[in-house]
$ cat upload.txt   # compact mmCIF, C-alpha atoms and all ligand atoms
# COMPACT_ATOMS: atom_id res chain seq x y z
CA MET A 1 27.12 50.99 31.34
CA PRO A 2 30.85 50.12 31.70
CA ARG A 3 32.00 49.00 35.14
CA ASP A 4 35.20 50.15 36.79
CA VAL A 5 37.80 47.76 38.11
CA CYS A 6 41.00 48.87 39.77
CA VAL A 7 44.05 46.68 40.23
CA VAL A 8 46.36 47.79 43.02
CA GLY A 9 49.87 46.66 42.04
CA ALA A 10 51.89 46.73 38.81
CA GLY A 11 54.21 43.80 39.45
CA VAL A 12 54.00 40.70 37.25
CA VAL A 13 50.93 39.54 39.21
CA GLY A 14 49.03 42.85 39.05
CA LEU A 15 49.85 43.64 35.44
CA ALA A 16 48.88 40.16 34.23
CA SER A 17 45.62 40.38 36.20
CA ALA A 18 44.83 43.79 34.71
CA VAL A 19 45.50 42.60 31.14
CA ASN A 20 43.35 39.49 31.61
CA ILE A 21 40.44 41.43 33.13
CA LEU A 22 40.58 44.04 30.38
CA GLU A 23 40.75 41.52 27.54
CA ASN A 24 38.28 38.95 28.80
CA ILE A 25 35.42 40.70 30.61
CA PRO A 26 33.11 42.71 28.37
CA ASP A 27 32.46 46.37 29.09
CA VAL A 28 34.98 47.07 31.85
CA ARG A 29 37.34 49.96 32.39
CA VAL A 30 40.53 48.88 34.15
CA THR A 31 42.86 51.16 36.10
CA ILE A 32 46.15 50.05 37.64
CA ILE A 33 47.16 52.00 40.74
CA ALA A 34 50.70 51.44 42.00
CA ASP A 35 53.62 53.24 43.54
CA LYS A 36 56.16 51.10 41.64
CA PHE A 37 56.19 50.10 37.99
CA SER A 38 58.73 48.22 35.86
CA PRO A 39 61.77 48.33 36.11
CA ASN A 40 61.30 48.73 39.88
CA THR A 41 59.10 45.74 40.74
CA THR A 42 60.29 42.49 42.33
CA ALA A 43 60.11 40.46 39.12
CA ASP A 44 62.31 42.98 37.28
CA GLY A 45 65.18 41.90 39.51
CA ALA A 46 64.40 38.17 39.43
CA ALA A 47 65.80 35.88 36.74
CA GLY A 48 62.28 34.72 35.80
CA VAL A 49 62.73 30.95 35.51
CA TRP A 50 59.54 28.89 35.30
CA LEU A 51 60.05 26.81 38.44
CA PRO A 52 57.59 26.42 41.34
CA TYR A 53 59.63 27.53 44.41
CA SER A 54 59.01 28.87 47.95
CA LEU A 55 55.24 28.47 47.79
CA GLY A 56 54.71 27.37 51.39
CA ASN A 57 51.75 25.00 51.69
CA THR A 58 49.96 26.17 48.56
CA PRO A 59 48.09 22.98 47.55
CA GLU A 60 49.73 21.05 44.74
CA ASN A 61 46.56 21.02 42.62
CA LEU A 62 46.55 24.85 42.62
CA GLN A 63 50.28 25.12 41.93
CA ARG A 64 49.78 22.72 39.05
CA ARG A 65 46.75 24.55 37.65
CA TRP A 66 48.30 28.04 37.84
CA GLY A 67 51.77 26.85 36.86
CA GLU A 68 50.66 24.84 33.83
CA THR A 69 48.43 27.65 32.56
CA THR A 70 51.39 30.03 32.83
CA PHE A 71 53.75 27.56 31.16
CA HIS A 72 51.37 27.14 28.22
CA HIS A 73 50.88 30.92 27.93
CA LEU A 74 54.67 31.41 27.77
CA GLU A 75 55.04 28.46 25.40
CA THR A 76 52.47 30.08 23.07
CA LEU A 77 54.47 33.32 23.16
CA LEU A 78 57.70 31.42 22.53
CA LYS A 79 56.34 30.28 19.18
CA THR A 80 55.52 33.81 17.98
CA GLU A 81 57.65 36.64 16.59
CA GLU A 82 57.00 38.40 19.88
CA SER A 83 59.14 36.10 22.01
CA SER A 84 62.32 38.20 21.77
CA THR A 85 60.58 41.48 22.67
CA ALA A 86 58.55 39.77 25.37
CA GLY A 87 61.73 38.22 26.85
CA VAL A 88 60.57 34.61 26.64
CA THR A 89 63.06 31.86 25.78
CA ALA A 90 63.63 28.14 26.36
CA LEU A 91 66.18 27.45 29.10
CA PRO A 92 68.14 24.20 29.45
CA MET A 93 68.71 23.52 33.13
CA PHE A 94 70.59 21.11 35.40
CA ARG A 95 69.76 20.79 39.09
CA ILE A 96 72.46 18.99 41.07
CA SER A 97 72.97 17.92 44.68
CA ASP A 98 74.88 15.67 47.05
CA ASP A 99 71.50 14.45 48.36
CA PRO A 100 68.82 12.62 46.37
CA ILE A 101 66.55 14.95 44.36
CA LYS A 102 62.87 14.06 44.43
CA GLU A 103 61.21 14.13 41.02
CA GLU A 104 58.63 16.92 41.34
CA TYR A 105 55.04 16.91 40.04
CA TRP A 106 56.01 19.47 37.36
CA SER A 107 58.59 17.18 35.73
CA LYS A 108 55.90 16.32 33.15
CA THR A 109 55.29 20.01 32.33
CA VAL A 110 58.86 20.93 31.40
CA TYR A 111 60.49 19.37 28.32
CA GLY A 112 62.68 16.27 28.32
CA TYR A 113 62.99 15.74 32.07
CA LYS A 114 65.55 13.09 33.01
CA GLN A 115 67.70 12.03 35.94
CA VAL A 116 71.40 12.34 35.04
CA PRO A 117 73.95 9.71 36.21
CA THR A 118 76.70 10.91 38.58
CA GLY A 119 79.37 9.95 36.06
CA GLU A 120 78.06 12.44 33.51
CA LEU A 121 77.55 15.19 36.08
CA VAL A 122 81.11 14.84 37.37
CA LYS A 123 82.46 15.30 33.85
CA LEU A 124 80.49 18.52 33.43
CA PHE A 125 80.77 20.06 36.91
CA PRO A 126 83.76 18.46 38.69
CA HIS A 127 83.96 21.16 41.40
CA ALA A 128 80.26 21.27 42.32
CA HIS A 129 77.93 18.84 44.18
CA THR A 130 77.15 16.11 41.70
CA LYS A 131 76.07 12.86 43.38
CA TYR A 132 72.54 13.38 42.04
CA GLY A 133 71.15 15.49 39.24
CA GLU A 134 68.39 16.12 36.77
CA PHE A 135 68.15 17.88 33.43
CA TYR A 136 65.23 19.45 31.60
CA ILE A 137 64.32 22.42 29.45
CA THR A 138 62.09 24.98 31.08
CA LEU A 139 61.06 28.52 30.07
CA LEU A 140 62.62 31.82 31.03
CA CYS A 141 60.45 34.96 31.23
CA GLU A 142 62.68 38.01 31.66
CA CYS A 143 60.43 40.56 33.27
CA ARG A 144 62.54 43.58 32.33
CA MET A 145 61.28 42.88 28.82
CA TYR A 146 58.05 41.05 29.60
CA LEU A 147 56.52 43.71 31.85
CA PRO A 148 56.96 46.57 29.32
CA TRP A 149 55.55 44.22 26.66
CA LEU A 150 52.49 43.47 28.83
CA MET A 151 52.16 47.16 29.67
CA ARG A 152 51.99 48.03 25.94
CA ARG A 153 49.27 45.43 25.56
CA PHE A 154 47.38 46.93 28.54
CA LYS A 155 47.61 50.50 27.24
CA GLU A 156 46.63 49.52 23.70
CA GLY A 157 43.54 47.86 25.16
CA GLY A 158 42.57 51.16 26.79
CA GLY A 159 43.89 50.47 30.33
CA LYS A 160 44.65 53.46 32.59
CA LEU A 161 47.47 54.01 35.08
CA ILE A 162 47.70 55.97 38.30
CA ASN A 163 51.04 56.32 40.07
CA LYS A 164 50.15 56.52 43.74
CA ARG A 165 50.49 54.69 47.04
CA ILE A 166 47.18 53.60 48.57
CA LEU A 167 47.29 53.96 52.34
CA ASP A 168 43.75 52.77 53.02
CA LEU A 169 41.26 50.80 50.90
CA GLN A 170 38.74 53.49 51.83
CA GLU A 171 40.38 55.67 49.14
CA LEU A 172 38.98 53.26 46.53
CA THR A 173 35.56 52.21 47.80
CA GLY A 174 32.63 53.83 46.06
CA ARG A 175 34.86 54.66 43.06
CA TYR A 176 35.41 51.15 41.73
CA ASP A 177 32.98 48.25 41.34
CA VAL A 178 35.74 45.75 42.13
CA ILE A 179 39.18 46.25 43.71
CA VAL A 180 41.88 43.70 42.87
CA ASN A 181 44.61 43.48 45.47
CA CYS A 182 47.96 42.50 43.90
CA THR A 183 50.22 44.27 46.38
CA GLY A 184 52.63 41.37 47.03
CA LEU A 185 54.55 41.82 50.27
CA ASP A 186 52.77 45.12 50.98
CA ALA A 187 49.45 43.31 51.44
CA ARG A 188 50.80 42.98 54.95
CA SER A 189 50.06 46.65 55.64
CA LEU A 190 47.25 47.32 53.14
CA VAL A 191 44.94 44.53 54.35
CA ALA A 192 46.68 43.77 57.67
CA ASP A 193 47.69 40.26 56.60
CA TYR A 194 50.60 39.55 58.94
CA SER A 195 51.09 36.05 57.55
CA VAL A 196 52.87 37.73 54.63
CA GLN A 197 56.63 37.66 55.27
CA PRO A 198 59.68 38.60 53.20
CA ILE A 199 61.95 35.88 51.84
CA ARG A 200 65.07 37.79 50.89
CA GLY A 201 67.00 36.85 47.77
CA GLN A 202 70.30 38.36 46.67
CA LEU A 203 71.77 37.90 43.25
CA ARG A 204 74.47 39.28 40.99
CA ARG A 205 74.26 39.97 37.26
CA VAL A 206 77.48 39.48 35.31
CA THR A 207 78.57 39.52 31.69
CA ALA A 208 79.40 35.92 30.77
CA PRO A 209 77.93 35.18 27.33
CA TRP A 210 79.72 31.81 27.16
CA ILE A 211 77.38 30.33 29.83
CA LYS A 212 74.60 28.53 27.96
CA HIS A 213 73.01 26.24 30.57
CA ALA A 214 71.34 27.12 33.86
CA VAL A 215 72.64 25.13 36.83
CA TYR A 216 71.17 25.09 40.33
CA ASP A 217 73.29 23.43 43.03
CA PHE A 218 70.98 22.47 45.93
CA THR A 219 73.87 21.71 48.27
CA SER A 220 75.50 25.15 48.02
CA GLU A 221 72.13 26.84 47.18
CA CYS A 222 73.96 28.63 44.37
CA TYR A 223 73.01 28.98 40.73
CA ALA A 224 73.93 30.44 37.36
CA ILE A 225 71.21 31.36 34.85
CA PRO A 226 72.02 32.69 31.36
CA CYS A 227 69.70 35.56 30.34
CA ALA A 228 69.57 37.70 27.20
CA ASN A 229 72.03 40.40 28.28
CA ASN A 230 73.71 38.89 31.31
CA THR A 231 74.05 35.84 33.51
CA VAL A 232 72.31 35.80 36.87
CA LEU A 233 74.27 34.30 39.78
CA GLY A 234 72.51 33.53 43.05
CA GLY A 235 71.32 33.12 45.57
CA THR A 236 69.92 33.38 49.04
CA THR A 237 66.59 32.40 50.63
CA GLN A 238 66.40 34.30 53.92
CA HIS A 239 63.03 34.13 55.67
CA GLY A 240 61.96 37.21 57.64
CA ASN A 241 64.84 39.37 56.36
CA TRP A 242 63.64 42.82 55.21
CA ASN A 243 67.01 44.15 54.01
CA LYS A 244 66.85 45.18 50.34
CA LYS A 245 70.52 46.19 50.24
CA PRO A 246 72.97 43.66 48.77
CA ASN A 247 75.78 42.76 51.17
CA GLU A 248 79.37 41.51 50.80
CA VAL A 249 78.88 38.27 52.75
CA ASP A 250 76.13 37.11 50.42
CA SER A 251 78.04 38.29 47.34
CA GLU A 252 81.06 36.22 48.37
CA LYS A 253 78.94 33.14 48.99
CA ILE A 254 77.21 33.53 45.61
CA LEU A 255 80.47 34.01 43.76
CA LYS A 256 82.14 31.03 45.44
CA GLY A 257 79.16 28.73 44.71
CA ALA A 258 78.78 29.92 41.12
CA ARG A 259 82.51 29.52 40.40
CA ALA A 260 82.34 25.96 41.74
CA ILE A 261 79.75 25.31 39.01
CA TYR A 262 81.50 27.31 36.27
CA PRO A 263 85.14 28.19 37.19
CA SER A 264 85.30 30.43 34.08
CA LEU A 265 83.06 32.91 35.90
CA LYS A 266 86.34 34.20 37.33
CA HIS A 267 86.56 36.18 34.08
CA ALA A 268 83.01 37.49 34.13
CA THR A 269 82.55 41.23 34.66
CA LEU A 270 80.13 42.48 37.28
CA GLN A 271 77.06 44.38 36.08
CA HIS A 272 75.34 44.83 39.43
CA ASP A 273 74.28 43.19 42.69
CA TRP A 274 70.62 43.21 43.70
CA ALA A 275 68.51 42.04 46.60
CA GLY A 276 64.74 41.62 46.52
CA LEU A 277 62.03 40.39 48.85
CA ARG A 278 59.86 37.49 47.73
CA PRO A 279 56.29 37.89 49.03
CA GLY A 280 56.20 34.79 51.25
CA ARG A 281 52.93 33.51 52.73
CA PRO A 282 51.81 30.15 54.18
CA ARG A 283 49.93 29.82 50.87
CA VAL A 284 49.09 32.02 47.90
CA ARG A 285 45.95 34.07 48.61
CA LEU A 286 43.58 34.07 45.65
CA GLU A 287 39.98 34.63 46.71
CA SER A 288 37.20 37.17 46.69
CA GLU A 289 35.95 39.03 49.72
CA ILE A 290 33.13 41.46 50.35
CA ARG A 291 33.93 43.68 53.31
CA LYS A 292 32.69 46.92 54.79
CA VAL A 293 35.28 49.67 54.37
CA GLY A 294 34.43 53.07 55.89
CA GLY A 295 30.72 52.17 55.97
CA LYS A 296 30.68 51.17 52.28
CA GLU A 297 30.66 47.69 50.75
CA ALA A 298 33.92 46.86 48.97
CA LYS A 299 34.13 43.95 46.54
CA ILE A 300 37.73 42.75 46.57
CA VAL A 301 39.67 40.00 44.82
CA HIS A 302 42.98 39.19 46.50
CA ASN A 303 45.87 37.81 44.45
CA TYR A 304 49.14 37.93 46.40
CA GLY A 305 51.71 35.90 48.34
CA HIS A 306 53.43 34.12 45.44
CA GLY A 307 56.77 33.62 47.23
CA GLY A 308 59.56 32.61 44.86
CA ALA A 309 57.21 31.76 42.00
CA GLY A 310 55.25 34.85 40.99
CA VAL A 311 56.58 34.64 37.44
CA THR A 312 55.87 30.89 37.34
CA LEU A 313 52.22 31.26 38.38
CA HIS A 314 51.27 34.74 37.17
CA TRP A 315 49.11 33.95 34.14
CA GLY A 316 47.15 31.12 35.75
CA CYS A 317 46.49 33.29 38.82
CA ALA A 318 45.47 36.19 36.58
CA GLN A 319 42.89 34.00 34.84
CA ASP A 320 41.38 32.82 38.13
CA THR A 321 41.36 36.43 39.36
CA THR A 322 39.51 37.44 36.20
CA ALA A 323 36.90 34.72 36.77
CA LEU A 324 36.36 35.99 40.35
CA VAL A 325 36.06 39.60 39.17
CA ALA A 326 33.54 38.52 36.50
CA GLU A 327 31.53 36.66 39.14
CA LEU A 328 31.40 39.76 41.38
CA LEU A 329 30.24 41.83 38.38
CA GLY A 330 27.67 39.20 37.35
CA GLU A 331 29.45 38.68 34.02
CA LYS A 332 30.58 35.60 32.09
CA VAL A 333 34.21 35.24 31.04
CA ASN A 334 35.58 33.63 27.87
CA PHE A 335 39.34 33.49 27.80
CA ARG A 336 40.95 34.52 24.55
CA LYS A 337 43.34 31.79 23.45
CA GLN A 338 46.13 33.75 21.72
CA PRO A 339 47.93 37.03 22.35
CA PRO A 340 46.73 39.78 19.98
CA SER A 341 48.54 39.29 16.66
CA LYS A 342 49.47 42.97 16.27
CA LEU A 343 51.66 42.91 19.39
C1 LIG B 401 66.06 37.04 44.14
C2 LIG B 401 64.72 36.63 43.59
C3 LIG B 401 64.66 35.72 42.55
C4 LIG B 401 63.43 35.30 42.05
N1 LIG B 401 63.41 34.43 41.00
C5 LIG B 401 62.22 34.02 40.51
C6 LIG B 401 62.18 33.14 39.39
O1 LIG B 401 63.22 32.79 38.81
N2 LIG B 401 60.96 32.69 38.98
C7 LIG B 401 59.79 33.08 39.59
O2 LIG B 401 58.72 32.62 39.20
N3 LIG B 401 59.81 33.95 40.62
C8 LIG B 401 60.98 34.43 41.10
N4 LIG B 401 61.01 35.30 42.16
C9 LIG B 401 59.73 35.66 42.80
C10 LIG B 401 58.99 36.72 42.03
O3 LIG B 401 59.85 37.77 41.68
C11 LIG B 401 57.81 37.25 42.89
O4 LIG B 401 57.01 36.18 43.32
C12 LIG B 401 56.96 38.21 42.09
O5 LIG B 401 57.76 39.20 41.51
C13 LIG B 401 55.87 38.84 42.96
O6 LIG B 401 55.14 39.71 42.13
P1 LIG B 401 54.02 40.66 42.69
O7 LIG B 401 53.44 41.34 41.52
O8 LIG B 401 53.11 39.89 43.60
O9 LIG B 401 54.78 41.68 43.67
P2 LIG B 401 55.67 42.96 43.37
O10 LIG B 401 56.52 42.83 42.18
O11 LIG B 401 56.39 43.24 44.66
O12 LIG B 401 54.64 44.11 43.06
C14 LIG B 401 53.82 44.68 44.03
C15 LIG B 401 53.14 45.87 43.38
O13 LIG B 401 52.18 46.41 44.29
C16 LIG B 401 52.39 47.80 44.42
N5 LIG B 401 51.90 48.19 45.75
C17 LIG B 401 52.06 47.51 46.91
N6 LIG B 401 51.41 48.15 47.90
C18 LIG B 401 50.85 49.24 47.35
C19 LIG B 401 50.04 50.29 47.85
N7 LIG B 401 49.69 50.32 49.14
N8 LIG B 401 49.64 51.27 47.00
C20 LIG B 401 49.99 51.24 45.70
N9 LIG B 401 50.74 50.26 45.16
C21 LIG B 401 51.15 49.28 45.98
C22 LIG B 401 53.88 47.99 44.20
O14 LIG B 401 54.14 49.34 43.86
C23 LIG B 401 54.09 47.02 43.04
O15 LIG B 401 53.68 47.63 41.84
C24 LIG B 401 62.22 35.79 42.63
C25 LIG B 401 62.28 36.74 43.64
C26 LIG B 401 63.50 37.17 44.12
C27 LIG B 401 63.55 38.21 45.22
$ encode --input "upload.txt" --output "structure tokens"
Amino acid sequence: MPRDVCVVGAGVVGLASAVNILENIPDVRVTIIADKFSPNTTADGAAGVWLPYSLGNTPENLQRRWGETTFHHLETLLKTEESSTAGVTALPMFRISDDPIKEEYWSKTVYGYKQVPTGELVKLFPHAHTKYGEFYITLLCECRMYLPWLMRRFKEGGGKLINKRILDLQELTGRYDVIVNCTGLDARSLVADYSVQPIRGQLRRVTAPWIKHAVYDFTSECYAIPCANNTVLGGTTQHGNWNKKPNEVDSEKILKGARAIYPSLKHATLQHDWAGLRPGRPRVRLESEIRKVGGKEAKIVHNYGHGGAGVTLHWGCAQDTTALVAELLGEKVNFRKQPPSKL
């Protein structure tokens, strides 16, 4: 008899979890329940650079495990005909600063990591902060394309969708064998986890097709990231700020910092400003829980709190979520290696 799993949340974390559960656990029916779908989720607004960021005290071994799995998943996609529809590309990137930049654990995951001498940086970015710098090629996963691509994969596998806001887990107990909680920042209200806090980020999308390299300036906290149809300029990292409206002060700061990197951005045309809330938490929550809800036993797997790196970790977290769901169902899980060839 097929078992029923519901995933609450259709952001990059929820959708990836739903696809992995559907494709890798035998005999399950999977339903996604969410009040927001692409293009209205957090990752739709984000640039989508593979870069572990704002992850609190999430242990390095877990960041590494989830991050590397995700990198290899995206790398596999990159080598297929699907990469353009899925929004996955390779992204050359400089990170510069007036203070020393520590080489991070993930420098071995990205391609061609190297420290760049000041002399070279000054030639390239004479108006930015260039005492120290590094260069590497990472991956870009543009969720405005990637999420619809994943959604097609979910629907073709027989997945179901319900557009609804869940106010209490009691609405789901008794109906589903396992509930997967991928509600991001809203886990705060759904499961009363007050350690979840917004980390506000504002950015601006402009038309500037001549920008070919991403640059992140640590000293000004500003960046420019070339995407398929625009260039993303950022950014802000404001802890505890719930305001989803872009404001002039942040726009000015972003523009000033981005023009210091690339003065030619003076001629870029504005597409739109956007502000989003990263689901901050002292550490990512990925664990199972059996709790009594309204007198009934609810089997839950939590997968939320990915801060500024939900895109970077999504596939690895989805695989661990799938393993936990399988365990609760008493099933074994064998991960399929490749995306389905027909997609
Ligand atoms: C400015 C900015 C730039 C960023 N850049 C990057 C980047 O370059 N790389 C990177 O890796 N990450 C980046 N991030 C972080 C990344 O976007 C997030 O970590 C990620 O999108 C979180 O995904 P999520 O699925 O957990 O949450 P969300 O996208 O917020 O999705 C939550 C889902 O849960 C649903 N939901 C919540 N509560 C309920 C409920 N009660 N009932 C029904 N449905 C519910 C919502 O409708 C939604 O579908 C950035 C974020 C911001 C703001």
$ residues_near_ligand --input "upload.txt" --ligand "ligand LIG 401 (chain B)" --cutoff "7 Å" --atoms "only C-alpha atoms and all ligand atoms" --output "MDAnalysis selection string"
chainID A and resid 8:14 33:37 41:43 45:52 164:167 182:187 190 200:203 235 275:279 304:313
$ closest_residue --input "upload.txt" --among "A:Tyr132, A:Trp242, A:Tyr53, A:Phe335" --to "Pro26 in chain A" --atoms "only C-alpha atoms"
A:Phe335
$ atom_distance --input "upload.txt" --atom1 "CA of Glu289 in chain A" --atom2 "CA of Val196 in chain A"
17.7 Å
$ atom_distance --input "upload.txt" --atom1 "CA of Lys253 in chain A" --atom2 "CA of Pro126 in chain A"
18.6 Å
$ closest_residue --input "upload.txt" --among "A:Val301, A:Leu77, A:Ala208, A:Ala228" --to "Cys6 in chain A" --atoms "only C-alpha atoms"
A:Val301
$ closest_residue --input "upload.txt" --among "A:Ala260, A:Leu328, A:Ile254, A:Leu172" --to "Thr237 in chain A" --atoms "only C-alpha atoms"
A:Ile254
$ closest_residue --input "upload.txt" --among "A:Ala326, A:Leu121, A:Ile290, A:Leu55" --to "Ile96 in chain A" --atoms "only C-alpha atoms"
A:Leu121
$ residues_around --input "upload.txt" --residues "Leu169 in chain A" --least-positions-apart "6" --cutoff "12 Å" --atoms "only C-alpha atoms" --output "list in words"
Cys6, Val7, Val8, Ile33, Arg175, Tyr176, Val178, Ile179, Val180, Asn181, Thr183, Ala187, Ser189, Leu190, Val191, Ala192, Arg291, Lys292, Val293, Gly294, Gly295, Lys296, Glu297, Ala298, Lys299 and Ile300 of chain A
$ closest_residue --input "upload.txt" --among "A:Trp274, A:Phe135, A:Tyr216, A:Phe154" --to "Gly257 in chain A" --atoms "all atoms listed in the file"
A:Tyr216
$ atom_distance --input "upload.txt" --atom1 "CA of Thr118 in chain A" --atom2 "CA of Glu104 in chain A"
19.2 Å
$ axis_aligned_box --input "upload.txt" --around "range 276-280 of chain A" --padding-each-side "4 Å" --output "JSON"
{"center_x": 60.5, "center_y": 38.2, "center_z": 48.9, "size_x": 16.5, "size_y": 14.8, "size_z": 12.7}
$ closest_residue --input "upload.txt" --among "A:Asp250, A:Glu142, A:Asp168, A:Asp99" --to "Asp217 in chain A" --atoms "all atoms listed in the file"
A:Asp99
$ residues_around --input "upload.txt" --residues "Leu265 in chain A" --least-positions-apart "5" --cutoff "10 Å" --atoms "all atoms listed in the file" --output "list in words"
Val206, Thr207, Ala208, Trp210, Ile211, Ala224, Thr231, Leu233, Leu255, Lys256, Ala258, Arg259 and Ala260 of chain A
$ residues_near_point --input "upload.txt" --point "(59.5, 24.4, 31.3)" --cutoff "12 Å" --atoms "all atoms listed in the file" --output "number ranges by chain"
A: 48-52, 67-75, 78, 88-93, 106-113, 135-141, 312
$ write_last_selection --input "upload.txt" --atoms "C-alpha atoms" --output "mmCIF file, in the coordinates of the input"
data_model
loop_
_atom_site.group_PDB
_atom_site.id
_atom_site.type_symbol
_atom_site.label_atom_id
_atom_site.label_comp_id
_atom_site.auth_asym_id
_atom_site.auth_seq_id
_atom_site.Cartn_x
_atom_site.Cartn_y
_atom_site.Cartn_z
ATOM 1 C CA GLY A 48 62.280 34.720 35.800
ATOM 2 C CA VAL A 49 62.730 30.950 35.510
ATOM 3 C CA TRP A 50 59.540 28.890 35.300
ATOM 4 C CA LEU A 51 60.050 26.810 38.440
ATOM 5 C CA PRO A 52 57.590 26.420 41.340
ATOM 6 C CA GLY A 67 51.770 26.850 36.860
ATOM 7 C CA GLU A 68 50.660 24.840 33.830
ATOM 8 C CA THR A 69 48.430 27.650 32.560
ATOM 9 C CA THR A 70 51.390 30.030 32.830
ATOM 10 C CA PHE A 71 53.750 27.560 31.160
ATOM 11 C CA HIS A 72 51.370 27.140 28.220
ATOM 12 C CA HIS A 73 50.880 30.920 27.930
ATOM 13 C CA LEU A 74 54.670 31.410 27.770
ATOM 14 C CA GLU A 75 55.040 28.460 25.400
ATOM 15 C CA LEU A 78 57.700 31.420 22.530
ATOM 16 C CA VAL A 88 60.570 34.610 26.640
ATOM 17 C CA THR A 89 63.060 31.860 25.780
ATOM 18 C CA ALA A 90 63.630 28.140 26.360
ATOM 19 C CA LEU A 91 66.180 27.450 29.100
ATOM 20 C CA PRO A 92 68.140 24.200 29.450
ATOM 21 C CA MET A 93 68.710 23.520 33.130
ATOM 22 C CA TRP A 106 56.010 19.470 37.360
ATOM 23 C CA SER A 107 58.590 17.180 35.730
ATOM 24 C CA LYS A 108 55.900 16.320 33.150
ATOM 25 C CA THR A 109 55.290 20.010 32.330
ATOM 26 C CA VAL A 110 58.860 20.930 31.400
ATOM 27 C CA TYR A 111 60.490 19.370 28.320
ATOM 28 C CA GLY A 112 62.680 16.270 28.320
ATOM 29 C CA TYR A 113 62.990 15.740 32.070
ATOM 30 C CA PHE A 135 68.150 17.880 33.430
ATOM 31 C CA TYR A 136 65.230 19.450 31.600
ATOM 32 C CA ILE A 137 64.320 22.420 29.450
ATOM 33 C CA THR A 138 62.090 24.980 31.080
ATOM 34 C CA LEU A 139 61.060 28.520 30.070
ATOM 35 C CA LEU A 140 62.620 31.820 31.030
ATOM 36 C CA CYS A 141 60.450 34.960 31.230
ATOM 37 C CA THR A 312 55.870 30.890 37.340
#
$ residues_near_point --input "upload.txt" --point "(46.1, 51.1, 27.1)" --cutoff "12 Å" --atoms "all atoms listed in the file" --output "PyMOL selection string"
chain A and resi 15+18-19+22-23+29-32+148-161
$ residues_around --input "upload.txt" --residues "Asn20 in chain A" --least-positions-apart "3" --cutoff "8 Å" --atoms "all atoms listed in the file" --output "PyMOL selection string"
chain A and resi 16-17+23-24+318-319+322
